[in-house]
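A short write-up of the structure that comes next.
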Amino acid sequence: MALVLIIAFMILAVLGLRLFAVIGGLALMLYLLADIGEIEGIVNEMYTLATQPVLVTIPLFTFAGYLMAESRAPQRLVNLSRALLSPLPGGLAIVALVSCAFFTAFTGASGVTIIALGGLLFPVLIKEKYNERFTLGLLTTTGSLGLLFPPSLAIILYGLVAGVSINKLFVAGIVPGILLIVVLSIYSVAKGAATREARPPFEWPRIKNALWESRFELPIPITVLVGIYGGFLTVIDSAAIVALYVLIVETLVYRDISFRKLPDIVKEAMVLVGGIFIIICTAKALTYYLIDQDIPQEILEWMQGYVHNKLTFLILLNVFLIIVGCLMDIFSAILVVVPLIAPIAAGFEVDPVHLGIIFLVNLEIGYSTPPVGLNLFIASFRFERPIMSLYRASLPFLALLLLSLLIITYLPQLSLYLVTLFGVQ
């Protein structure tokens, strides 16, 4: 009967039923079917999660990210990156990588980066004689490239759901995140050399002007990193300070956003947050059922009959997570899959912090994986190109990201070294 219910709700999801209704309805029906006890248990589990203080960081960082997206911050960021990096071979492509990674760290992999920066970077890259297929692949795959850097919403949500230190995850993601950028930058340098793009010399006045333009936005990541790891601020403090600071800077200092426009930005940002929160609550109810019925333990025992070592488990995990990342948005995937996967990974002695980085990198790649990766459709809409052309354009970048994923997966030291070095708690 439970299997019939699961299949029925999967069909409803395919037919367009909202994800929170699918998860919540399935949890409720399974709960009643199992006759666990009083139905109020589901609501109690939701309330326990919803009252966690760290949850407030999600709307605060989301609000800051949307404010930056609606301002001229993307243009200033691109100008600064071009002044610093365009003299390098493939410098303009590296500008796109760095700019998108920085922006995604604040907005999450919600497509905002492709929408906000794609229109700025696409014509510039084409003008500098970069191949259109390369340009499309670059901007599509980098739309989720900054998920491993603070103050990534995905990291906060993963830590909240998995019960892993968010501070540890912030630090653990730095080296793997840099690795992804470096690997794609090497490929971009090769492409830049092939195009023979005009490379302007380093010009200190140009750099100085770009730094001056961005002077109020550059302290934002420094505030987050120094504040948290210097012991001056908690994650919640940082989120509040960043949200207030960005609001003041974009409305009163740069005056890119009028107060008349502000309610619309708040509404748009909070629609995303509301969607995340309602899925959090329903996913918590489903998790309660899974744990009560020992489902993760049963899956672990079944897998141990066929999977006899950690190496094989990690291979299967990567394949599974890329498929999940292709089919679901990252927030839903974290909420639904993490409670199921985390206990199984613990049975194979996978470090929970390392597991978090593996999980996020997989979902990052899944966003651009054919046939239904979300970034592919957003890029197709933004650049007005057929979806099949986006499939072809993304393949070289996906191959490089998969190679990086293997390195990150099988060298846990990349994720854990800084955590151990600095003794992050």
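Order determines the names: the first chain of the structure tokens is A, the second B, and so forth; residues in each chain are numbered 1 upward, and ligands are numbered 1 upward as they are shown.
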Residues within 7 Å of Asn167 (chain A), only C-alpha atoms, excluding chain neighbours under 4 positions, as JSON, numbers by chain:
{"A": [171, 424, 425]}
Output as JSON lines one row per residue of region 129-238 of chain A within 8 Å of region 106-123 of chain A: the closest atom pair and its distance in Å to one decimal place, counting only C-alpha atoms, sorted by chain and residue number ascending.
```
{"residue": "A:Thr135", "atom": "CA", "partner": "A:Phe122", "partner_atom": "CA", "distance": 6.8}
{"residue": "A:Leu136", "atom": "CA", "partner": "A:Phe122", "partner_atom": "CA", "distance": 7.7}
{"residue": "A:Leu139", "atom": "CA", "partner": "A:Gly118", "partner_atom": "CA", "distance": 6.5}
{"residue": "A:Thr140", "atom": "CA", "partner": "A:Ile114", "partner_atom": "CA", "distance": 6.9}
{"residue": "A:Gly143", "atom": "CA", "partner": "A:Ile114", "partner_atom": "CA", "distance": 5.4}
{"residue": "A:Ser144", "atom": "CA", "partner": "A:Ala109", "partner_atom": "CA", "distance": 4.9}
{"residue": "A:Gly146", "atom": "CA", "partner": "A:Gly108", "partner_atom": "CA", "distance": 7.8}
{"residue": "A:Leu147", "atom": "CA", "partner": "A:Gly108", "partner_atom": "CA", "distance": 6.5}
{"residue": "A:Pro150", "atom": "CA", "partner": "A:Phe106", "partner_atom": "CA", "distance": 7.9}
{"residue": "A:Pro151", "atom": "CA", "partner": "A:Phe106", "partner_atom": "CA", "distance": 6.2}
{"residue": "A:Ser152", "atom": "CA", "partner": "A:Phe106", "partner_atom": "CA", "distance": 5.9}
{"residue": "A:Leu153", "atom": "CA", "partner": "A:Gly108", "partner_atom": "CA", "distance": 5.8}
{"residue": "A:Ala154", "atom": "CA", "partner": "A:Gly108", "partner_atom": "CA", "distance": 6.6}
```
Which one of A:Pro396, A:Pro200, A:Pro221, A:Pro371 sits closest to Phe61 (chain A) if you count only C-alpha atoms?
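Using only C-alpha atoms, the shortest distance to Phe61 (chain A) belongs to A:Pro221.
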Please determine, counting only C-alpha atoms, which residue among A:Ala101, A:Leu145, A:Ile155, A:Ile278 has the shortest atom-to-atom distance to Ser368 (chain A).
A:Leu145
Would you pick out the contacts of Thr409 (chain A) at 9 Å or less, using only C-alpha atoms, so that residues sharing its chain but fewer than 2 positions from it are not included, and give the list as a PyMOL selection string?
chain A and resi 314-315+318+354-355+357-358+404-407+411-412
Store the residues picked out above, limited to N, CA and C atoms, as a CSV table (one decimal), in the first residue's frame.
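Resulting contents of out.csv:
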```
chain,number,residue,atom,x,y,z
A,314,LEU,N,30.3,5.6,-3.1
A,314,LEU,CA,30.5,7.0,-3.5
A,314,LEU,C,30.2,7.1,-5.0
A,315,ILE,N,30.6,6.1,-5.8
A,315,ILE,CA,30.3,6.1,-7.3
A,315,ILE,C,28.8,6.2,-7.5
A,318,ASN,N,27.2,9.5,-6.4
A,318,ASN,CA,27.4,10.6,-7.4
A,318,ASN,C,26.4,10.4,-8.6
A,354,HIS,N,32.3,16.3,4.5
A,354,HIS,CA,32.7,16.0,3.2
A,354,HIS,C,31.4,15.6,2.3
A,355,LEU,N,30.5,14.8,3.0
A,355,LEU,CA,29.3,14.4,2.3
A,355,LEU,C,28.5,15.7,1.8
A,357,ILE,N,29.7,18.6,0.9
A,357,ILE,CA,30.3,19.2,-0.3
A,357,ILE,C,30.1,18.3,-1.5
A,358,ILE,N,30.2,17.0,-1.3
A,358,ILE,CA,29.9,16.1,-2.5
A,358,ILE,C,28.4,16.3,-2.9
A,404,SER,N,36.3,17.2,-12.0
A,404,SER,CA,36.5,17.9,-10.7
A,404,SER,C,35.7,17.2,-9.5
A,405,LEU,N,34.5,16.7,-9.8
A,405,LEU,CA,33.7,16.0,-8.9
A,405,LEU,C,34.4,14.8,-8.4
A,406,LEU,N,35.0,14.0,-9.3
A,406,LEU,CA,35.7,12.8,-8.9
A,406,LEU,C,36.9,13.2,-8.0
A,407,ILE,N,37.6,14.2,-8.3
A,407,ILE,CA,38.7,14.6,-7.4
A,407,ILE,C,38.2,15.0,-6.0
A,411,LEU,N,39.2,12.7,-2.8
A,411,LEU,CA,40.2,13.3,-2.0
A,411,LEU,C,39.5,14.2,-0.9
A,412,PRO,N,39.0,13.6,0.1
A,412,PRO,CA,38.3,14.3,1.2
A,412,PRO,C,39.1,15.4,1.8
```
Could you please determine the separation between CA of Ser214 (chain A) and CA of Ala239 (chain A) in Å, to one decimal place?
20.2 Å
List the spatial neighbours of Val183 (chain A) as a PDB file with N, CA and C atoms, in the first residue's frame - criterion: any atom at most 8 Å away, only C-alpha atoms, same-chain residues fewer than 2 positions off excluded.
```pdb
ATOM      1  N   LEU A 179      38.716  24.973  -6.814  1.00  0.00           N
ATOM      2  CA  LEU A 179      39.123  23.948  -7.787  1.00  0.00           C
ATOM      3  C   LEU A 179      38.223  23.993  -9.025  1.00  0.00           C
ATOM      4  N   LEU A 180      36.915  24.094  -8.819  1.00  0.00           N
ATOM      5  CA  LEU A 180      35.985  24.145  -9.952  1.00  0.00           C
ATOM      6  C   LEU A 180      36.289  25.354 -10.844  1.00  0.00           C
ATOM      7  N   ILE A 181      36.543  26.501 -10.220  1.00  0.00           N
ATOM      8  CA  ILE A 181      36.834  27.707 -10.996  1.00  0.00           C
ATOM      9  C   ILE A 181      38.155  27.564 -11.745  1.00  0.00           C
ATOM     10  N   SER A 185      38.722  27.637 -15.643  1.00  0.00           N
ATOM     11  CA  SER A 185      39.565  28.744 -16.103  1.00  0.00           C
ATOM     12  C   SER A 185      40.655  28.252 -17.045  1.00  0.00           C
ATOM     13  N   ILE A 186      41.228  27.087 -16.749  1.00  0.00           N
ATOM     14  CA  ILE A 186      42.258  26.517 -17.631  1.00  0.00           C
ATOM     15  C   ILE A 186      41.673  26.258 -19.015  1.00  0.00           C
ATOM     16  N   TYR A 187      40.479  25.706 -19.037  1.00  0.00           N
ATOM     17  CA  TYR A 187      39.801  25.474 -20.316  1.00  0.00           C
ATOM     18  C   TYR A 187      39.519  26.800 -21.022  1.00  0.00           C
ATOM     19  N   LEU A 400      34.318  18.574 -17.632  1.00  0.00           N
ATOM     20  CA  LEU A 400      35.325  19.117 -16.717  1.00  0.00           C
ATOM     21  C   LEU A 400      34.815  19.154 -15.281  1.00  0.00           C
ATOM     22  N   LEU A 401      33.543  19.497 -15.114  1.00  0.00           N
ATOM     23  CA  LEU A 401      32.976  19.514 -13.767  1.00  0.00           C
ATOM     24  C   LEU A 401      32.888  18.111 -13.173  1.00  0.00           C
ATOM     25  N   SER A 404      36.272  17.214 -11.954  1.00  0.00           N
ATOM     26  CA  SER A 404      36.499  17.886 -10.670  1.00  0.00           C
ATOM     27  C   SER A 404      35.736  17.200  -9.547  1.00  0.00           C
TER      28      SER A 404
END
```
So which residues touch Arg76 (chain A) within 9 Å, counting only C-alpha atoms, skipping near sequence neighbours fewer than 5 positions away, as a list in words?
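The residues that qualify are Ser81, Ala210, Leu211, Glu213 and Ser214 of chain A.
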Could you name the residues that touch region 243-260 of chain A at 12 Å or less, counting only C-alpha atoms, but leaving out those on the same chain fewer than 3 positions away, as number ranges by chain?
A: 56-76, 106, 151, 213-221, 223-224, 236-240, 263-266
Near Val419 (chain A), counting only C-alpha atoms, which residues have an atom at most 12 Å away, once you skip same-chain residues fewer than 6 positions from it, shown as an mmCIF file with C-alpha atoms, in the first residue's frame?
```
data_model
loop_
_atom_site.group_PDB
_atom_site.id
_atom_site.type_symbol
_atom_site.label_atom_id
_atom_site.label_comp_id
_atom_site.auth_asym_id
_atom_site.auth_seq_id
_atom_site.Cartn_x
_atom_site.Cartn_y
_atom_site.Cartn_z
ATOM 1 C CA SER A 165 27.903 22.855 11.422
ATOM 2 C CA ILE A 166 27.251 25.612 8.882
ATOM 3 C CA ASN A 167 30.574 27.215 9.791
ATOM 4 C CA LYS A 168 32.378 23.977 8.923
ATOM 5 C CA LEU A 169 30.535 23.722 5.604
ATOM 6 C CA PHE A 170 31.394 27.335 4.726
ATOM 7 C CA VAL A 171 35.102 26.617 5.238
ATOM 8 C CA ALA A 172 34.988 23.155 3.653
ATOM 9 C CA GLY A 173 33.532 24.539 0.418
ATOM 10 C CA ILE A 174 36.286 27.079 -0.241
ATOM 11 C CA VAL A 175 38.995 24.804 -1.708
ATOM 12 C CA TYR A 229 35.628 33.100 11.406
ATOM 13 C CA VAL A 353 31.050 17.634 6.171
ATOM 14 C CA HIS A 354 32.665 15.952 3.156
ATOM 15 C CA PRO A 412 38.286 14.317 1.155
ATOM 16 C CA GLN A 413 41.319 16.311 2.305
ATOM 17 C CA GLN A 425 33.423 24.263 15.148
#
```
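Remark: for Ser415 (chain A), the closest of the candidate residues A:Gly373, A:Tyr31, A:Gly356, A:Tyr47 is A:Gly356 (distances computed over only C-alpha atoms).
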DSSP on the backbone: what in region 28-215 of chain A comes out alpha helix (DSSP H), as a PyMOL selection string?
chain A and resi 28-34+40-50+57-70+73-85+91-107+112-127+132-141+153-162+166-172+174-195+204-213
Among the residues A:Phe202, A:Tyr130, A:Phe320, A:Phe232, the one that comes closest to Ile341 (chain A) [using only C-alpha atoms]
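Of all the options, A:Phe320 lies closest to Ile341 (chain A).
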Pick the closest to Arg82 (chain A) from A:Leu49, A:Ala345, A:Leu286, A:Val124: which is it, counting only C-alpha atoms?
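Nearest to Arg82 (chain A): A:Val124.
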Just the number, please: distance in Å from CA of Leu12 (chain A) to CA of Ser380 (chain A), one decimal.
26.7 Å
To one decimal in Å, tell me the separation between CA of Gly325 (chain A) and CA of Val182 (chain A).
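These atoms are spaced 22.6 Å apart.
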